[in-house]
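Shown next: entry.cif, containing mmCIF, C-alpha atoms.
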data_data
#
loop_
_atom_site.label_atom_id
_atom_site.label_comp_id
_atom_site.auth_asym_id
_atom_site.auth_seq_id
_atom_site.Cartn_x
_atom_site.Cartn_y
_atom_site.Cartn_z
CA MET Z 1 102.70 128.65 393.84
CA PHE Z 2 102.45 131.39 391.26
CA GLU Z 3 100.10 130.81 388.36
CA TYR Z 4 100.86 132.46 385.07
CA ASN Z 5 97.91 132.81 382.73
CA ILE Z 6 98.97 132.70 379.08
CA SER Z 7 96.41 133.97 376.61
CA SER Z 8 95.34 131.74 373.74
CA ALA Z 9 96.97 134.20 371.29
CA MET Z 10 100.31 134.08 373.11
CA ARG Z 11 100.08 130.29 373.28
CA ARG Z 12 99.51 130.18 369.50
CA VAL Z 13 102.50 132.46 368.82
CA LEU Z 14 104.73 130.39 371.11
CA TYR Z 15 103.67 127.27 369.23
CA ALA Z 16 104.45 129.06 365.95
CA ARG Z 17 107.92 129.89 367.25
CA GLU Z 18 108.55 126.22 368.03
CA ARG Z 19 107.38 125.14 364.57
CA ILE Z 20 109.62 127.73 362.89
CA ALA Z 21 112.62 126.63 364.96
CA ARG Z 22 112.13 123.03 363.84
CA ARG Z 23 112.18 123.97 360.16
CA ASN Z 24 115.79 125.14 360.15
CA PRO Z 25 118.66 125.28 362.70
CA PHE Z 26 119.41 128.86 361.69
CA PHE Z 27 115.88 129.93 362.62
CA ALA Z 28 116.24 128.09 365.93
CA SER Z 29 119.42 130.07 366.68
CA ILE Z 30 117.81 133.47 366.23
CA LEU Z 31 114.16 133.01 367.19
CA PHE Z 32 114.62 133.02 370.93
CA ASN Z 33 116.28 136.41 370.74
CA ALA Z 34 112.87 137.84 369.80
CA LYS Z 35 110.69 139.35 372.51
CA LEU Z 36 106.98 138.54 372.07
CA ALA Z 37 104.24 140.92 373.21
CA GLU Z 38 100.51 141.36 372.69
CA SER Z 39 99.17 144.72 371.56
CA THR Z 40 96.07 146.21 369.99
CA LYS Z 41 97.88 149.24 368.57
CA ARG Z 42 97.88 147.61 365.12
CA GLU Z 43 95.70 145.00 363.43
CA THR Z 44 98.27 142.34 362.52
CA VAL Z 45 101.83 141.27 363.47
CA TRP Z 46 104.57 143.93 363.48
CA THR Z 47 107.65 145.25 365.30
CA ASP Z 48 108.76 148.42 367.04
CA GLY Z 49 112.43 147.50 366.69
CA ILE Z 50 112.37 145.83 370.09
CA ASN Z 51 109.46 143.39 370.20
CA VAL Z 52 107.49 141.10 367.93
CA LEU Z 53 104.03 142.52 368.55
CA PHE Z 54 100.78 140.80 367.63
CA ASN Z 55 97.09 141.63 367.87
CA PRO Z 56 95.27 138.77 369.64
CA GLU Z 57 92.21 139.10 367.42
CA TYR Z 58 94.37 138.84 364.28
CA VAL Z 59 96.04 135.69 365.63
CA LYS Z 60 92.62 134.18 366.31
CA GLN Z 61 91.29 134.91 362.82
CA ASN Z 62 94.45 134.01 360.84
CA ASP Z 63 95.58 130.75 362.40
CA ALA Z 64 96.89 129.30 359.10
CA PHE Z 65 99.29 132.19 358.51
CA ILE Z 66 100.81 132.90 361.94
CA GLU Z 67 104.10 131.03 361.37
CA GLY Z 68 104.81 132.99 358.21
CA ASP Z 69 103.85 136.32 359.75
CA VAL Z 70 105.99 135.77 362.85
CA LEU Z 71 108.96 134.61 360.76
CA GLU Z 72 108.68 137.70 358.54
CA VAL Z 73 108.83 140.06 361.53
CA VAL Z 74 111.65 138.11 363.18
CA MET Z 75 113.68 138.25 359.95
CA LYS Z 76 113.12 142.00 359.71
CA LEU Z 77 114.48 142.36 363.24
CA ALA Z 78 117.36 140.00 362.47
CA MET Z 79 118.23 142.01 359.36
CA GLN Z 80 118.08 145.19 361.50
CA HIS Z 81 115.55 146.71 359.11
CA PRO Z 82 114.10 149.12 361.72
CA ALA Z 83 117.55 150.58 362.40
CA ARG Z 84 118.56 150.62 358.72
CA ARG Z 85 115.65 152.85 357.68
CA LYS Z 86 117.60 156.05 358.42
CA HIS Z 87 115.96 158.97 356.58
CA ARG Z 88 113.78 156.85 354.30
CA ASP Z 89 110.01 157.14 354.00
CA MET Z 90 108.52 154.61 356.43
CA GLU Z 91 105.73 153.31 354.18
CA ARG Z 92 108.02 152.67 351.22
CA TRP Z 93 110.71 151.22 353.49
CA VAL Z 94 108.29 148.70 355.01
CA GLU Z 95 107.27 147.63 351.51
CA ALA Z 96 110.92 147.24 350.49
CA THR Z 97 111.76 145.15 353.55
CA SER Z 98 108.74 142.93 352.92
CA LEU Z 99 109.74 142.36 349.30
CA SER Z 100 113.21 141.45 350.55
CA VAL Z 101 112.31 138.86 353.21
CA ARG Z 102 108.96 137.44 352.15
CA PRO Z 103 110.29 135.29 349.29
CA LEU Z 104 112.37 133.50 351.91
CA VAL Z 105 109.41 133.21 354.29
CA HIS Z 106 107.22 131.76 351.54
CA GLN Z 107 109.67 128.92 350.98
CA TYR Z 108 108.98 127.69 354.50
CA PHE Z 109 105.48 128.82 355.48
CA HIS Z 110 102.22 130.00 353.97
CA GLN Z 111 101.15 133.61 354.17
CA HIS Z 112 98.09 135.24 352.68
CA PRO Z 113 97.75 134.43 348.94
CA SER Z 114 97.67 138.16 348.18
CA LEU Z 115 101.15 138.54 349.66
CA HIS Z 116 102.49 135.73 347.48
CA ALA Z 117 101.14 137.54 344.43
CA LEU Z 118 102.83 140.80 345.42
CA ASP Z 119 106.20 139.10 345.84
CA SER Z 120 106.24 137.23 342.52
CA ASN Z 121 108.02 140.08 340.69
CA SER Z 122 111.47 138.77 339.77
CA LYS Z 123 113.07 142.21 339.51
CA TYR Z 124 113.20 142.37 343.32
CA LYS Z 125 114.66 138.89 343.75
CA ASP Z 126 117.86 138.60 345.81
CA LYS Z 127 118.12 142.35 346.37
CA ALA Z 128 118.78 144.18 349.63
CA ALA Z 129 116.03 146.33 351.10
CA GLU Z 130 117.91 149.53 350.25
CA GLU Z 131 118.15 148.58 346.58
CA ILE Z 132 114.47 147.61 346.43
CA TYR Z 133 113.58 150.93 348.08
CA GLU Z 134 115.36 152.82 345.29
CA LEU Z 135 113.54 150.79 342.64
CA LEU Z 136 110.19 151.49 344.26
CA GLU Z 137 111.01 155.18 344.45
CA LYS Z 138 111.90 155.32 340.75
CA GLU Z 139 108.72 153.47 339.83
CA GLU Z 140 106.60 155.93 341.80
CA GLN Z 141 108.35 158.89 340.17
CA LYS Z 142 107.66 157.46 336.70
CA GLN Z 143 104.01 156.93 337.57
CA GLY Z 144 103.75 160.36 339.17
CA GLY Z 145 102.58 158.73 342.38
CA GLY Z 146 102.95 159.96 345.90
CA GLY Z 147 104.00 156.85 347.74
CA GLN Z 148 101.04 154.59 347.11
CA GLY Z 149 102.12 151.07 347.95
CA LYS Z 150 101.22 147.83 346.24
CA GLY Z 151 97.92 146.53 347.43
CA GLU Z 152 96.45 150.05 347.68
CA GLU Z 153 95.93 150.58 343.98
CA GLU Z 154 92.40 149.23 344.10
CA GLY Z 155 89.91 149.42 346.95
CA GLU Z 156 90.54 150.51 350.49
CA LYS Z 157 93.90 150.25 352.15
CA SER Z 158 94.24 147.22 354.40
CA GLU Z 159 97.01 146.71 356.91
CA GLN Z 160 99.46 143.96 356.05
CA PRO Z 161 101.53 141.93 358.51
CA GLY Z 162 105.20 142.85 358.84
CA GLY Z 163 104.78 146.52 359.71
CA ILE Z 164 107.45 148.60 361.45
CA ASP Z 165 106.76 151.25 364.06
CA GLU Z 166 109.14 153.85 365.40
CA PRO Z 167 110.07 153.05 369.03
CA ASP Z 168 108.79 155.43 371.66
CA PRO Z 169 111.23 158.30 372.38
CA ASP Z 170 112.16 156.84 375.75
CA GLN Z 171 112.89 153.46 374.08
CA GLN Z 172 115.17 154.78 371.33
CA GLU Z 173 118.36 153.82 373.15
CA GLN Z 174 117.00 150.34 373.86
CA ALA Z 175 116.09 149.90 370.18
CA GLU Z 176 119.64 150.80 369.13
CA GLU Z 177 121.08 148.27 371.57
CA GLU Z 178 118.62 145.65 370.32
CA ALA Z 179 119.84 146.20 366.74
CA LYS Z 180 123.44 145.60 367.83
CA GLN Z 181 122.39 142.46 369.69
CA TRP Z 182 120.59 141.17 366.61
CA GLY Z 183 123.76 141.74 364.59
CA ARG Z 184 125.76 139.61 367.00
CA THR Z 185 123.05 136.93 367.15
CA VAL Z 186 122.78 136.58 363.38
CA ALA Z 187 126.56 136.56 362.88
CA ASN Z 188 126.95 133.73 365.43
CA ALA Z 189 124.01 131.79 364.00
CA ALA Z 190 125.32 132.10 360.45
CA GLU Z 191 128.82 131.00 361.48
CA LYS Z 192 127.48 127.90 363.27
CA ALA Z 193 125.14 127.01 360.41
CA THR Z 194 127.89 127.43 357.82
CA LYS Z 195 130.33 125.21 359.73
CA ALA Z 196 127.65 122.58 360.23
CA GLY Z 197 126.56 122.75 356.61
CA THR Z 198 122.99 123.58 357.60
CA LEU Z 199 122.73 127.08 356.10
CA PRO Z 200 120.53 126.68 353.00
CA GLY Z 201 121.45 128.58 349.86
CA ASN Z 202 118.27 130.62 350.03
CA LEU Z 203 119.42 132.01 353.38
CA LYS Z 204 122.92 132.99 352.28
CA ARG Z 205 121.72 135.99 350.29
CA ILE Z 206 119.76 137.45 353.17
CA ILE Z 207 122.70 136.96 355.55
CA GLU Z 208 125.02 138.74 353.12
CA GLU Z 209 122.52 141.62 353.13
CA LEU Z 210 123.07 142.07 356.86
CA LEU Z 211 126.83 141.43 356.75
CA PRO Z 212 127.80 142.81 353.33
CA VAL Z 213 131.23 143.95 354.41
CA GLU Z 214 133.91 141.66 355.70
CA LYS Z 215 135.06 142.67 359.15
CA LEU Z 216 138.72 142.85 358.14
CA ASP Z 217 141.36 145.51 358.36
CA TRP Z 218 142.21 146.72 354.85
CA ARG Z 219 145.78 147.36 355.98
CA ASP Z 220 146.16 143.67 356.86
CA LEU Z 221 144.81 142.72 353.44
CA THR Z 222 147.36 145.00 351.80
CA ARG Z 223 150.12 143.34 353.80
CA ASP Z 224 148.83 139.96 352.63
CA MET Z 225 148.95 141.10 348.99
CA SER Z 226 152.55 142.20 349.44
CA ARG Z 227 153.60 138.97 351.15
CA ASP Z 228 151.89 136.84 348.50
CA ALA Z 229 153.61 138.75 345.71
CA LYS Z 230 157.00 138.36 347.37
CA SER Z 231 156.46 134.65 347.93
CA ARG Z 232 155.81 134.24 344.21
CA ALA Z 233 158.92 136.17 343.25
CA SER Z 234 161.55 134.26 341.33
CA ARG Z 235 164.32 132.71 343.38
CA SER Z 236 167.91 133.60 342.67
CA TRP Z 237 171.05 131.46 343.04
CA SER Z 238 172.95 134.68 343.63
CA ARG Z 239 171.42 134.64 347.11
CA VAL Z 240 171.44 131.32 348.98
CA ASN Z 241 168.40 130.52 351.07
CA ARG Z 242 169.25 131.42 354.67
CA ARG Z 243 167.55 128.35 356.13
CA ASN Z 244 168.54 125.80 353.48
CA ASN Z 245 172.18 126.81 353.02
CA GLY Z 246 173.85 123.37 353.30
CA HIS Z 247 175.52 124.11 356.66
CA ASP Z 248 173.59 121.38 358.46
CA GLY Z 249 174.16 118.81 355.74
CA GLY Z 250 170.84 119.55 354.11
CA PRO Z 251 170.17 120.74 350.56
CA ILE Z 252 171.20 124.12 349.25
CA LEU Z 253 168.28 126.10 347.84
CA PRO Z 254 168.14 129.47 346.11
CA GLY Z 255 167.06 132.54 348.03
CA TYR Z 256 164.80 135.34 346.98
CA ALA Z 257 166.10 138.24 344.92
CA ASP Z 258 165.71 141.50 346.77
CA ASP Z 259 165.82 143.80 343.76
CA ASN Z 260 162.25 143.14 342.57
CA ILE Z 261 159.91 146.09 342.28
CA TYR Z 262 156.65 145.55 344.17
CA ASN Z 263 154.19 148.04 342.75
CA LEU Z 264 150.80 148.56 344.33
CA VAL Z 265 148.15 150.36 342.26
CA ILE Z 266 146.17 152.73 344.47
CA ALA Z 267 143.05 154.27 342.96
CA PHE Z 268 141.45 157.29 344.61
CA ASP Z 269 137.79 158.04 343.97
CA VAL Z 270 137.76 161.80 343.29
CA SER Z 271 134.15 162.07 342.11
CA GLY Z 272 131.74 164.70 343.36
CA SER Z 273 130.43 162.46 346.16
CA VAL Z 274 133.88 162.33 347.80
CA SER Z 275 134.51 165.29 350.11
CA GLU Z 276 137.82 167.08 350.61
CA ASP Z 277 138.02 165.68 354.14
CA MET Z 278 137.49 162.16 352.83
CA LEU Z 279 140.23 162.60 350.21
CA ARG Z 280 142.59 163.99 352.84
CA ASP Z 281 141.97 160.92 355.01
CA MET Z 282 142.63 158.66 352.02
CA LYS Z 283 145.99 160.29 351.33
CA SER Z 284 147.02 160.20 354.99
CA GLU Z 285 146.22 156.51 355.27
CA VAL Z 286 148.13 155.65 352.10
CA ALA Z 287 151.13 157.72 353.20
CA ALA Z 288 151.24 155.82 356.49
CA LEU Z 289 150.95 152.52 354.60
CA ILE Z 290 153.90 153.29 352.32
CA ASP Z 291 156.05 154.24 355.31
CA GLN Z 292 155.76 150.63 356.48
CA ASP Z 293 157.92 149.51 353.50
CA LEU Z 294 155.45 146.84 352.44
CA ILE Z 295 155.88 147.84 348.81
CA THR Z 296 158.65 149.31 346.69
CA GLN Z 297 156.46 151.83 344.93
CA ALA Z 298 152.85 152.83 344.43
CA THR Z 299 151.07 154.03 341.31
CA LEU Z 300 148.46 156.62 342.28
CA ILE Z 301 145.48 157.05 339.98
CA ALA Z 302 142.63 159.55 340.39
CA VAL Z 303 139.28 158.24 339.15
CA ASP Z 304 135.88 159.78 338.51
CA THR Z 305 134.52 158.91 335.06
CA LYS Z 306 138.04 158.32 333.72
CA PRO Z 307 141.57 157.87 335.12
CA SER Z 308 143.75 160.95 335.55
CA ASP Z 309 146.70 162.44 337.47
CA ILE Z 310 148.66 159.16 337.35
CA GLU Z 311 151.83 159.36 339.41
CA VAL Z 312 154.39 156.86 340.69
CA VAL Z 313 155.59 157.45 344.25
CA THR Z 314 158.13 155.69 346.44
CA ASN Z 315 157.57 157.39 349.79
CA SER Z 316 154.90 159.08 351.88
CA ASP Z 317 155.91 162.59 350.77
CA GLY Z 318 155.07 161.64 347.22
CA VAL Z 319 151.53 160.81 348.32
CA LEU Z 320 151.01 163.90 350.46
CA ASN Z 321 152.33 166.18 347.70
CA TRP Z 322 150.03 164.61 345.08
CA HIS Z 323 147.04 166.82 344.30
CA PRO Z 324 144.56 165.07 341.99
CA HIS Z 325 141.67 166.77 340.20
CA GLY Z 326 138.13 165.46 339.93
CA GLY Z 327 134.63 166.27 341.06
CA GLY Z 328 132.64 164.79 338.21
CA GLY Z 329 130.48 161.70 337.95
CA THR Z 330 131.55 158.18 338.91
CA ASP Z 331 132.27 155.33 336.50
CA PHE Z 332 135.22 152.99 337.12
CA ARG Z 333 135.14 151.11 333.78
CA SER Z 334 137.84 153.06 331.91
CA ALA Z 335 140.11 153.13 334.96
CA MET Z 336 139.82 149.38 335.52
CA LYS Z 337 140.52 148.78 331.82
CA LEU Z 338 143.69 150.88 332.06
CA ILE Z 339 144.81 149.12 335.24
CA LYS Z 340 144.22 145.69 333.72
CA GLU Z 341 146.10 146.49 330.52
CA GLN Z 342 149.06 148.50 331.84
CA TYR Z 343 149.63 147.37 335.43
CA GLY Z 344 149.10 143.61 335.23
CA ASN Z 345 152.36 142.84 337.07
CA SER Z 346 151.39 144.81 340.15
CA VAL Z 347 151.06 143.39 343.66
CA GLY Z 348 147.37 144.30 343.62
CA LEU Z 349 144.88 147.15 343.59
CA LEU Z 350 143.79 149.22 346.57
CA PHE Z 351 140.69 151.26 345.67
CA LEU Z 352 139.69 154.01 348.09
CA THR Z 353 136.11 155.08 347.44
CA ASP Z 354 132.61 155.63 348.79
CA LEU Z 355 131.39 152.86 346.40
CA GLU Z 356 128.88 155.23 344.78
CA THR Z 357 129.45 154.43 341.09
CA MET Z 358 127.57 153.66 337.88
CA SER Z 359 129.89 150.73 337.14
CA PHE Z 360 132.78 148.93 338.83
CA GLY Z 361 134.32 147.81 335.54
CA GLU Z 362 136.19 144.55 334.89
CA GLU Z 363 138.14 142.67 337.52
CA PRO Z 364 141.94 142.91 337.02
CA PRO Z 365 144.20 139.80 337.15
CA PHE Z 366 145.40 140.43 340.72
CA PRO Z 367 143.88 140.94 344.19
CA VAL Z 368 141.60 143.95 344.74
CA VAL Z 369 140.71 145.54 348.06
CA TRP Z 370 137.94 148.13 348.12
CA VAL Z 371 138.04 150.44 351.14
CA ASN Z 372 134.61 151.93 351.75
CA PHE Z 373 135.04 155.42 353.19
CA ALA Z 374 131.25 155.75 353.58
CA PRO Z 375 130.41 152.54 355.48
CA ARG Z 376 126.89 153.71 356.32
CA ASN Z 377 125.82 152.97 352.75
CA GLN Z 378 126.56 149.27 353.43
CA ARG Z 379 127.55 148.72 349.79
CA LYS Z 380 129.77 145.92 348.54
CA ALA Z 381 131.79 145.70 345.34
CA PRO Z 382 130.96 142.81 342.95
CA PHE Z 383 134.51 141.45 343.10
CA GLY Z 384 137.55 141.65 345.36
CA ARG Z 385 137.30 142.24 349.12
CA THR Z 386 135.21 145.10 350.45
CA VAL Z 387 136.10 146.47 353.88
CA ASP Z 388 135.04 149.49 355.90
CA TYR Z 389 137.37 152.36 356.62
#

Is it possible to give me this structure as structure tokens?
Amino acid sequence: MFEYNISSAMRRVLYARERIARRNPFFASILFNAKLAESTKRETVWTDGINVLFNPEYVKQNDAFIEGDVLEVVMKLAMQHPARRKHRDMERWVEATSLSVRPLVHQYFHQHPSLHALDSNSKYKDKAAEEIYELLEKEEQKQGGGGQGKGEEEGEKSEQPGGIDEPDPDQQEQAEEEAKQWGRTVANAAEKATKAGTLPGNLKRIIEELLPVEKLDWRDLTRDMSRDAKSRASRSWSRVNRRNNGHDGGPILPGYADDNIYNLVIAFDVSGSVSEDMLRDMKSEVAALIDQDLITQATLIAVDTKPSDIEVVTNSDGVLNWHPHGGGGTDFRSAMKLIKEQYGNSVGLLFLTDLETMSFGEEPPFPVVWVNFAPRNQRKAPFGRTVDY
């Protein structure tokens, strides 16, 4: 018989995992994807993008807070925060991720009172880590600071739970695979919880942070817009319905008129953040879409801070020969106002952009599909459907 000796610290963390799992089915679905490991490299509970690491001495001295600390680190792994850091400053990124997940943690478990006080600021509520990071950066610039985090303003710096370490160089590939696995785990857990009605409202926001973009093909959505518009088209007695034509003794119903014009408004972001290669890809994709005869015509509109170079095309050549001007800032308000007022009878709006804008403007009275040509920014428009290119 083999005997496995489990330390008292590991036993306490395993018990914490069980308690967390019992609090919510969603937690139960993701917790056992986390790898637990003891370490003395840091003072508290943290992650290297692969493991949930904990210092045994910290566990011993902070028994009342272990559930909250473990849940915070697990949620950071589940939200793929280590992988999402990219080029960002590590210290500020850790603070942003903590401000993002801790309000959720505090609704289920106690953490240190000082951490509750730090997270009471409502301006960070329901915001993704990336957005919080930008707010923190602006605050530091206004104060003329050099990255001093909350909790360091007075007295000596003390390490907080929820830290993130870079994986060792030889573990980088494993960390990337772990992030992908967490994405699959969270997506499955969220789907099950949603169907079962066990996903609390306070968890929906944090799930949307991880999955901000619907995994749909924008071309399929455009086809759906076209089909929906055609199904709403007025019927005409000049064309008898092919199925209900009275030949089998059934009723005679009107068919659809085929002479309707199905116009799709296609807006191209031509601001300074959109490269020539990106614009070329946009035009090529739209040209291919029009060749499928899903629409009768398309109204092309170039947009930076205002709409320009408006042109109606009926074939792919019209798109490829269209050369819009731009390169300025980005504000979609005037363009959306124009679209709403002058193109209200259109099939819908297809907006090709990198989603870097000061304002998205007002929602028009028809379907909108935003195609994000810079999916790494993980942005999502406030209305319509946002999909990656």

- Task: For CA of Glu18 in chain Z and CA of Ala83 in chain Z, quote the distance in Å rounded to one decimal.
- Result: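 Going from CA of Glu18 in chain Z over to CA of Ala83 in chain Z, I get 26.6 Å.
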
Do you know which residues the PyMOL selection byres ((chain Z and resi 345) around 9) returns on this file, as a compact mmCIF listing (two decimals) with C-alpha atoms, in the coordinates of the input?
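Printed below is result.txt as written:
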# COMPACT_ATOMS: atom_id res chain seq x y z
CA TYR Z 262 156.65 145.55 344.17
CA ASN Z 263 154.19 148.04 342.75
CA GLN Z 342 149.06 148.50 331.84
CA TYR Z 343 149.63 147.37 335.43
CA GLY Z 344 149.10 143.61 335.23
CA SER Z 346 151.39 144.81 340.15
CA VAL Z 347 151.06 143.39 343.66
CA GLY Z 348 147.37 144.30 343.62
CA PRO Z 365 144.20 139.80 337.15
CA PHE Z 366 145.40 140.43 340.72

Starting from 8 Å padding per side, set up an axis-aligned box that covers all listed atoms of range 185-190 of chain Z and hand over centre and edge lengths in Å, one decimal, as lines of an AutoDock Vina configuration file.
center_x = 124.9
center_y = 134.4
center_z = 363.8
size_x = 20.2
size_y = 21.1
size_z = 22.7

- Message: Please enumerate the residues selected by the PyMOL selection byres ((chain Z and resi 280-295) around 8) when evaluated against the supplied file, formatted as a list in words.
- Response: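 On the file shown, the PyMOL selection byres ((chain Z and resi 280-295) around 8) covers Arg219, Arg223, Ser226, Ile261, Tyr262, Asn263, Leu264, Phe268, Glu276, Asp277, Met278, Leu279, Thr296, Gln297, Ala298, Thr314, Asn315, Ser316, Asp317, Val319, Leu320 and Leu352 of chain Z.
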
- Query: Hey, can you check how far CA of Arg84 in chain Z sits from CA of Val387 in chain Z?
  - Reply: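 Value for the CA of Arg84 in chain Z-CA of Val387 in chain Z distance: 18.7 Å.
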
- Closest to Arg42 in chain Z among Z:Val101, Z:Leu135, Z:Ile164, Z:Ala267, using only C-alpha atoms? Z:Ile164

- Select, from Z:Pro82, Z:Gly201, Z:Gly162, Z:Pro25, the residue with the minimum atom-to-atom distance to Asp69 in chain Z, counting only C-alpha atoms.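 Using only C-alpha atoms, the shortest distance to Asp69 in chain Z belongs to Z:Gly162.
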
- Task: Please evaluate the PyMOL selection byres ((chain Z and resi 132) around 10) against the structure above and give the resulting residues as a list in words.
- Result: Arg92, Trp93, Glu95, Ala96, Thr97, Ser98, Leu99, Ser100, Lys123, Tyr124, Lys125, Asp126, Lys127, Ala128, Ala129, Glu130, Glu131, Tyr133, Glu134, Leu135, Leu136, Glu137 and Lys138 of chain Z

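Here the question is which of Z:Val312, Z:Val105, Z:Ile30, Z:Ile339 gets nearest to Ala189 in chain Z using only C-alpha atoms, and that residue is Z:Ile30.
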
- Item | Shortest interatomic distance to Arg333 in chain Z - which of Z:Ser359, Z:Gln61, Z:Thr47, Z:Gln174, counting only C-alpha atoms |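 Closest residue, counting only C-alpha atoms: Z:Ser359.
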
- Query: Excluding same-chain residues fewer than 3 positions from range 326-328 of chain Z, what lies within 8 Å of it counting only C-alpha atoms, as number ranges by chain?
  - Reply: Z: 270-274, 302-305

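Taking CA of Asp269 in chain Z as the reference point, CA of Leu221 in chain Z is found at 19.3 Å.
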
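Nearest residue to Ala21 in chain Z, choosing from Z:Pro56, Z:Glu43, Z:Val73, Z:Tyr108 and counting all atoms listed in the file: Z:Tyr108.
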
- Task: Fewer than 6 positions away in the same chain doesn't count, so skip those; otherwise give me all residues within 10 Å of Asn33 in chain Z, counting all atoms listed in the file, as number ranges by chain.
- Result: Z: 51, 74, 77-78, 178, 181-182, 185-186

Could you save the residues just selected, with C-alpha atoms, as a PDB file, in the coordinates of the input?
ATOM      1  CA  ASN Z  51     109.460 143.390 370.200  1.00  0.00           C
ATOM      2  CA  VAL Z  74     111.650 138.110 363.180  1.00  0.00           C
ATOM      3  CA  LEU Z  77     114.480 142.360 363.240  1.00  0.00           C
ATOM      4  CA  ALA Z  78     117.360 140.000 362.470  1.00  0.00           C
ATOM      5  CA  GLU Z 178     118.620 145.650 370.320  1.00  0.00           C
ATOM      6  CA  GLN Z 181     122.390 142.460 369.690  1.00  0.00           C
ATOM      7  CA  TRP Z 182     120.590 141.170 366.610  1.00  0.00           C
ATOM      8  CA  THR Z 185     123.050 136.930 367.150  1.00  0.00           C
ATOM      9  CA  VAL Z 186     122.780 136.580 363.380  1.00  0.00           C
TER      10      VAL Z 186
END

- With only C-alpha atoms as the atoms that count, which of Z:Ile301, Z:Met79, Z:Leu36, Z:Ala193 lies nearest to Val13 in chain Z?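 Using only C-alpha atoms, Val13 in chain Z sits closest to Z:Leu36.
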
Mind checking which residues fall within 8 Å of Leu53 in chain Z, counting all atoms listed in the file, ignoring those fewer than 2 positions away in the same chain, and posting them as a PDB file with C-alpha atoms, in the coordinates of the input?
ATOM      1  CA  LEU Z  36     106.980 138.540 372.070  1.00  0.00           C
ATOM      2  CA  ALA Z  37     104.240 140.920 373.210  1.00  0.00           C
ATOM      3  CA  GLU Z  38     100.510 141.360 372.690  1.00  0.00           C
ATOM      4  CA  SER Z  39      99.170 144.720 371.560  1.00  0.00           C
ATOM      5  CA  VAL Z  45     101.830 141.270 363.470  1.00  0.00           C
ATOM      6  CA  TRP Z  46     104.570 143.930 363.480  1.00  0.00           C
ATOM      7  CA  THR Z  47     107.650 145.250 365.300  1.00  0.00           C
ATOM      8  CA  ASP Z  48     108.760 148.420 367.040  1.00  0.00           C
ATOM      9  CA  ASN Z  51     109.460 143.390 370.200  1.00  0.00           C
ATOM     10  CA  ASN Z  55      97.090 141.630 367.870  1.00  0.00           C
TER      11      ASN Z  55
END
